[in-house]
Structure formats: structure tokens, C-alpha cells
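Chemist: This is the structure, below, for whatever I ask next.
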Amino acid sequence: MIDTTLINPSPVLALTMDLISRPSVTPADEGCQQLMADRLKAQGFAIESMFFEDTLNLWARRGQGKPLFCFAGHTDVVPTGPLDQWHSDPFQPQIRDGLLYGRGAADMKGSLAAMIIATEQFLAATPEPAFDIAYLITSDEEGPFINGTMRVIEVLEARQEKIRWCLVGEPSSTQQVGDVIKNGRRGSLTGYLKVNGIQGHVAYPHLVDNPIHRAAPALAQLSQQVWDHGNAYFPATSFQISNIHAGTGATNVVPGQLEVTFNFRYSTEVTAQALQQQVESIVQHHQLQYELTWVLNGLPFLTDSGALVAAVVDAVEQRQGFTPSLETTGGTSDGRFIAPTGAQVLELGPCNGSIHKINEHVRVSDLESLVDLYRMMLENLHRSQS
Ligand SMILES: [Zn+2]
């Protein structure tokens, strides 16, 4: 049967398919940003490509001097996994039963296409908006995230170019487009604890110092500690031990060292510093000989109210007829690099059920909804600032 959507695809469908057909496995971009830049240039955007190490980034801005609204996202995709398990080539977009299949369809080339079409529609009706518009697009969000959004933000901060409102196109929705908006993310802090003892024969306990016995009560206390009670947007801070190792493999040897790795996912009710101090004091209370090192993976952020929240929530209510739920669940995103500059940051994108999986897809009708939601958000923001 001939699928008529393919003979005459809508603008957002055509652009999404064009982006999917470029195999931009992280950190490759494969011309995706150029495709976007060409469309934005035609709308009066000034284009800046920023290349750091192996990563191409796009900064595009329309207007100079008004408060700045920014669309943020990434052109890179995760690897395909076993090709023989895909029902069609992941880089040859195909529509089956109203679903568009291809790597990046949901995470997040559909969002990128929807942003472009929404911007074109908005500017056609509102050529002089009450704010400037920018795009911050990277090709390393799925990789080590070192040469992407973080580096672009450093450049912007150095020249005091500030983003006031930012919408990240990450796939936030679960059942219907817009049912969930991410308005923050938890912080992530990892600790590496080494407990030192004295190795020896189990038959001579007076000659050994068992680091397992020493660490056990301390770990028990850490695992039962209440760090905070969370707040309206964040669940209580969680402490999880992810790795623990001690022992030589022999049954008659007390090991000399124990190593533990643990991670906090923490709310805005505590700070990384406060958590570190509490862990130190618990460990010291148990009189351990220890070394403790930390890696701060991401700061928590929260956008609980303001013009952007109102513009996005109203757009979902107007277009979809339901009120979205504001949540901070899930892993980290590039929003963590943008929010610390003082920007209001929200994430809204398509349904995330198939992201990073074999046979990733997006509902074709959801792409059209997303265009409307992004355009209506711009219209609402324009009205609130005029
Ligand atoms: Zn993504």
C-alpha cells in the first residue's frame, strides 16, 4: 500500500526524515547543523559554528539586545545496536502504521525539526517578537558532554551573552505529547571510599585489622541516613552503594583494603558540600583509616515558576486539553549546564518509550503536535512580554 504521507510529507515530517537520514552517531554531526543553520539564516539568524576538539556546535541568534529565548538540543544519536534486529535501516526513515522509525526519531531529531518549523511559523506571523531567539545545538550530548553545551556556555558567559528562557527538546513525554514537562533535574554526586586495614591469616585475629568489619557499621549507617525530605518538586535525596569490593578470594585471608563506590541523587534541599561533610563525619565517627574522593557529576536545578513555565503550561492546555505534570525525575541533561547561568530551563519533547532502543520511533501526528506546542509557547511568551 502506498503511504501518502511519504508522497507529500508535511514540513516537519520532511525535515525530521532529512535529519534521520544523516548517520550522526555521537560525536558526529553529518551535516545536520548545516541543514538547520540554512533554514535559520533564511529567517534572519546570525550563524556561529563552534568546533571544540571532535565536536561541532551551533549557536544561532536572531536579534540583538532584547531578552533571549533559546531552543537547545543535540544532533548526535546513540549507536544503533545490532542492525539485524531493526525492522528497517535505522538511517533510512520509514513510516509504518503512523510511526516514523529511525535512530534519533524521538531523541531528538523530531524535536529539532519541530523547533525549526515552529520558529518559521511564529516569525511569519510575528516578525518583530518581544524577545531575541537563539539555538544552542551540540553534537556531543550522548557522548562525554565535555566539548558541547558546556563549552558553548563558557563562550557565552565570557562575552556576557545571557539566556533568559531555555527550552530543551529532550523527549520528556510518556503517553501523550506534553503530559510531562521536566522543570529541573536532581544533582548527581559520586564518592569513592577506600578503607585500609592490615592483611593477615584469619586464624590470627590479633595480628590483623579487618577493613570489612570496620566498614560494615559505617556503611549500615550511611545506607539508613535521612539526608533530606525533598520538596514539592524533588523526591528525598537518595544514597545508593553501587560497587563494593574486598577480599583476595581465599577463605583464610583477611584482606588489607575495602573499596566502595556510592552515588547521591540529590534535591535542591541540600548541597554537594553538605553531603560530603555528613559522609566524612559518619566515616570518622566509626574511626576508619580511609581515603575518600568525590566527583560532582551534575548540579541540581529547578525552574518552579515564571514566564516560561506559564507559556509552556498554557500551550499544552490550549493544544492538548490537559494540564502537564512538572517533574524532575530521570537522568541528567544538558539543562544542567544552562540553568546555573540563571536561565529558566524547561524540557519538552516527544514520548520517550523507544529512545536509545532498537526500532526507535516517533508518532507522526506527535511531530505535528510538537510544532503547535513550540509555536504556541513562543506566542504566549511574546504576549506576556509585550
Ligand atoms: Zn537526547
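Letters A, B, ... mark the chains of the C-alpha cells in the order given; residue numbers begin at 1 per chain; ligand numbers begin at 1, in order shown.
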Dump the neighbourhood of ligand 1 as a PyMOL selection string: all residues within 8 Å, distances computed on only C-alpha atoms and all ligand atoms.

Modeler: chain A and resi 73-74+77+107-108+141-142+169-171+333

Chemist: Using C-alpha atoms, can you write the selected residues to a file as a PDB file, in the first residue's frame?

Modeler:
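Just written: again_32.pdb:
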ATOM      1  CA  GLY A  73      19.225  20.308  21.720  1.00  0.00           C
ATOM      2  CA  HIS A  74      21.575  17.828  20.080  1.00  0.00           C
ATOM      3  CA  VAL A  77      22.406   9.963  18.309  1.00  0.00           C
ATOM      4  CA  ASP A 107      15.852  11.563  20.716  1.00  0.00           C
ATOM      5  CA  MET A 108      15.849  14.172  19.334  1.00  0.00           C
ATOM      6  CA  GLU A 141      25.068  15.244  24.247  1.00  0.00           C
ATOM      7  CA  GLU A 142      25.059  11.439  24.014  1.00  0.00           C
ATOM      8  CA  GLY A 169      13.810  19.390  23.262  1.00  0.00           C
ATOM      9  CA  GLU A 170      14.610  16.184  25.176  1.00  0.00           C
ATOM     10  CA  PRO A 171      11.850  13.555  24.933  1.00  0.00           C
ATOM     11  CA  SER A 333      20.507  16.518  30.596  1.00  0.00           C
TER      12      SER A 333
END

Chemist: Extract, using only C-alpha atoms, all DNA, RNA and protein residues at most 7 Å from region 177-189 of chain A, discarding same-chain residues fewer than 6 positions from it, and format them as a short mmCIF file (atom, residue, chain, number, x, y, z; two decimals) with C-alpha atoms, in the first residue's frame.

Modeler:
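To be explicit, this is the file written out as around.cif:
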data_model
loop_
_atom_site.label_atom_id
_atom_site.label_comp_id
_atom_site.auth_asym_id
_atom_site.auth_seq_id
_atom_site.Cartn_x
_atom_site.Cartn_y
_atom_site.Cartn_z
CA ASN A 263 26.21 7.84 44.40
CA PHE A 264 23.84 10.53 45.62
CA ARG A 265 20.91 11.76 43.51
CA TYR A 266 20.15 14.87 45.47
CA SER A 267 17.48 17.56 45.72
CA ALA A 272 27.04 18.61 47.47
CA VAL A 295 33.21 13.52 41.58
CA LEU A 296 30.39 16.03 41.17
CA ASN A 297 28.56 14.81 38.03
CA GLY A 298 25.88 17.50 37.90
CA LEU A 299 24.33 20.27 39.96
CA PRO A 300 20.59 20.13 40.64
CA PHE A 301 18.38 22.79 39.12
CA LEU A 302 14.76 23.83 39.35
CA THR A 303 12.53 26.21 37.37
CA ASP A 304 9.42 26.32 39.54
CA VAL A 316 -0.16 22.32 26.48
CA PRO A 324 1.02 18.82 32.13
CA SER A 325 2.81 17.39 35.12
CA LEU A 326 6.06 19.17 36.08
CA GLU A 327 8.70 16.63 37.10
CA THR A 328 12.40 16.40 37.94
CA THR A 329 12.78 12.63 37.51
CA THR A 332 20.80 14.30 33.71
CA VAL A 345 15.08 25.96 31.81
CA LEU A 346 12.33 23.51 30.82
CA GLU A 347 12.40 20.31 28.79
CA LEU A 348 9.56 19.36 26.47
CA PRO A 350 8.03 13.67 22.27
CA CYS A 351 7.27 10.39 24.05
CA ASP A 366 3.07 13.81 17.58
#

Chemist: May I ask for the distance between CA of His87 (chain A) and CA of Leu35 (chain A), given in Å to one decimal place?

Modeler: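 About the pair CA of His87 (chain A) and CA of Leu35 (chain A): they are 27.2 Å apart.
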
Chemist: Could you give me, as a ChimeraX atom specification, the residues within 12 Å of region 246-258 of chain A, counting only C-alpha atoms and dropping anything in the same chain fewer than 2 positions from it?

Modeler: /A:192-216,219,243-244,260-261,288-292

Chemist: Give me, as a PyMOL selection string, all polymer residues having an atom no more than 6 Å from region 134-140 of chain A, counting only C-alpha atoms and skipping those fewer than 4 positions away in the same chain.

Modeler: chain A and resi 26-27+29+55-61+70-76+145+148

Chemist: Could you tell me which of A:Gln221, A:Asn352, A:Thr237, A:Thr119 comes closest to Val12 (chain A) if we count only C-alpha atoms?

Modeler: A:Thr119

Chemist: Tell me, which residues of region 16-156 of chain A carry DSSP alpha helix (DSSP H), written as a PyMOL selection string?

Modeler: chain A and resi 16-20+32-41+110-125+149-156

Chemist: Which residues come within 12 Å of Pro23 (chain A), counting only C-alpha atoms, excluding same-chain residues fewer than 5 positions away, as a list in words?

Modeler: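 Returned residues: Met17, Asp18, Ala28, Asp29, Glu30, Gly31, Cys32, Thr75, Asp76, Val77, Val78, Pro79, Thr80, Asp89, Pro90, Phe91, Gln92, Pro93, Gly102, Arg103, Gly104, Ala105, Lys109 and Ser139 of chain A.
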
Chemist: Near Arg164 (chain A), counting only C-alpha atoms, which residues have an atom at most 8 Å away, once you skip same-chain residues fewer than 4 positions from it, shown as a VMD selection string?

Modeler: chain A and resid 67 to 70 342 to 344

Chemist: Step one, run DSSP on the backbone; step two, keep only residues of region 152-210 of chain A assigned to strand (DSSP E); then write them as a list in words.

Modeler: Trp165, Cys166, Leu167, Val168, Val180, Ile181, Lys182, Gly184, Arg185, Gly187, Ser188, Leu189, Thr190, Gly191, Tyr192, Leu193, Lys194, Val195, Asn196, Gly200 and His201 of chain A

Chemist: Using only C-alpha atoms, which residue out of A:Thr190, A:Thr149, A:Ser172, A:Gln385 lies closest to Gly353 (chain A)?

Modeler: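 Going through A:Thr190, A:Thr149, A:Ser172, A:Gln385 one by one, the smallest distance to Gly353 (chain A) is for A:Ser172.
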
Chemist: Of the residues A:Gln34, A:Ser354, A:Gln121, A:Gln278, which is the one nearest to Ala106 (chain A), using only C-alpha atoms?

Modeler: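 Selected residue with least distance to Ala106 (chain A): A:Ser354.
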
Chemist: Rounded to one decimal place, report the CA of Ile47 (chain A)-CA of Gly335 (chain A) distance in Å.

Modeler: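 CA of Ile47 (chain A) sits 21.7 Å away from CA of Gly335 (chain A).
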
Chemist: Enter the distance from CA of Leu123 (chain A) to CA of His382 (chain A), in Å, rounded to one decimal.

Modeler: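 If I compute the distance from CA of Leu123 (chain A) to CA of His382 (chain A), I get 11.1 Å.
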
Chemist: Which is closest to Thr341 (chain A) among A:Ile153, A:Val270, A:Leu19, A:Ala220, if we use only C-alpha atoms?

Modeler: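 Checking each candidate against Thr341 (chain A), we get A:Ile153 as the closest.
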
Chemist: Excluding Leu367 (chain A) and residues on its chain fewer than 2 positions from it, collect all residues at most 8 Å away from it, counting only C-alpha atoms, and give them as a list of chain:residue names.

Modeler: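 Selected residues are A:Val12, A:Leu13, A:Gly110, A:Ser111, A:Ala114, A:Pro350, A:Val362, A:Arg363, A:Val364, A:Ser365, A:Ser369, A:Leu370, A:Val371.
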
Chemist: Go ahead and dump the residues you just picked, N, CA and C atoms, as an mmCIF file, in the first residue's frame.

Modeler:
data_model
loop_
_atom_site.group_PDB
_atom_site.id
_atom_site.type_symbol
_atom_site.label_atom_id
_atom_site.label_comp_id
_atom_site.auth_asym_id
_atom_site.auth_seq_id
_atom_site.Cartn_x
_atom_site.Cartn_y
_atom_site.Cartn_z
ATOM 1 N N VAL A 12 7.388 19.429 8.850
ATOM 2 C CA VAL A 12 8.119 18.860 9.999
ATOM 3 C C VAL A 12 8.516 17.406 9.730
ATOM 4 N N LEU A 13 7.660 16.663 9.046
ATOM 5 C CA LEU A 13 7.987 15.272 8.723
ATOM 6 C C LEU A 13 9.164 15.216 7.751
ATOM 7 N N GLY A 110 13.298 14.695 15.833
ATOM 8 C CA GLY A 110 11.921 15.169 15.666
ATOM 9 C C GLY A 110 11.730 16.519 16.352
ATOM 10 N N SER A 111 12.315 16.655 17.552
ATOM 11 C CA SER A 111 12.220 17.930 18.281
ATOM 12 C C SER A 111 12.929 19.048 17.527
ATOM 13 N N ALA A 114 10.803 20.146 14.701
ATOM 14 C CA ALA A 114 9.629 20.873 15.204
ATOM 15 C C ALA A 114 9.998 22.292 15.644
ATOM 16 N N PRO A 350 8.968 14.769 22.542
ATOM 17 C CA PRO A 350 8.028 13.674 22.273
ATOM 18 C C PRO A 350 8.094 12.566 23.316
ATOM 19 N N VAL A 362 8.844 7.664 16.451
ATOM 20 C CA VAL A 362 8.020 8.752 16.963
ATOM 21 C C VAL A 362 6.706 8.707 16.194
ATOM 22 N N ARG A 363 5.594 9.011 16.869
ATOM 23 C CA ARG A 363 4.303 9.065 16.185
ATOM 24 C C ARG A 363 4.300 10.276 15.244
ATOM 25 N N VAL A 364 3.930 10.071 13.981
ATOM 26 C CA VAL A 364 3.959 11.173 13.012
ATOM 27 C C VAL A 364 3.052 12.315 13.480
ATOM 28 N N SER A 365 1.889 11.969 14.027
ATOM 29 C CA SER A 365 0.973 13.025 14.479
ATOM 30 C C SER A 365 1.547 13.787 15.676
ATOM 31 N N SER A 369 1.887 17.871 16.618
ATOM 32 C CA SER A 369 1.523 18.438 17.929
ATOM 33 C C SER A 369 2.674 19.257 18.498
ATOM 34 N N LEU A 370 3.881 18.722 18.333
ATOM 35 C CA LEU A 370 5.053 19.383 18.896
ATOM 36 C C LEU A 370 5.307 20.741 18.220
ATOM 37 N N VAL A 371 5.113 20.801 16.906
ATOM 38 C CA VAL A 371 5.229 22.087 16.196
ATOM 39 C C VAL A 371 4.253 23.093 16.808
#
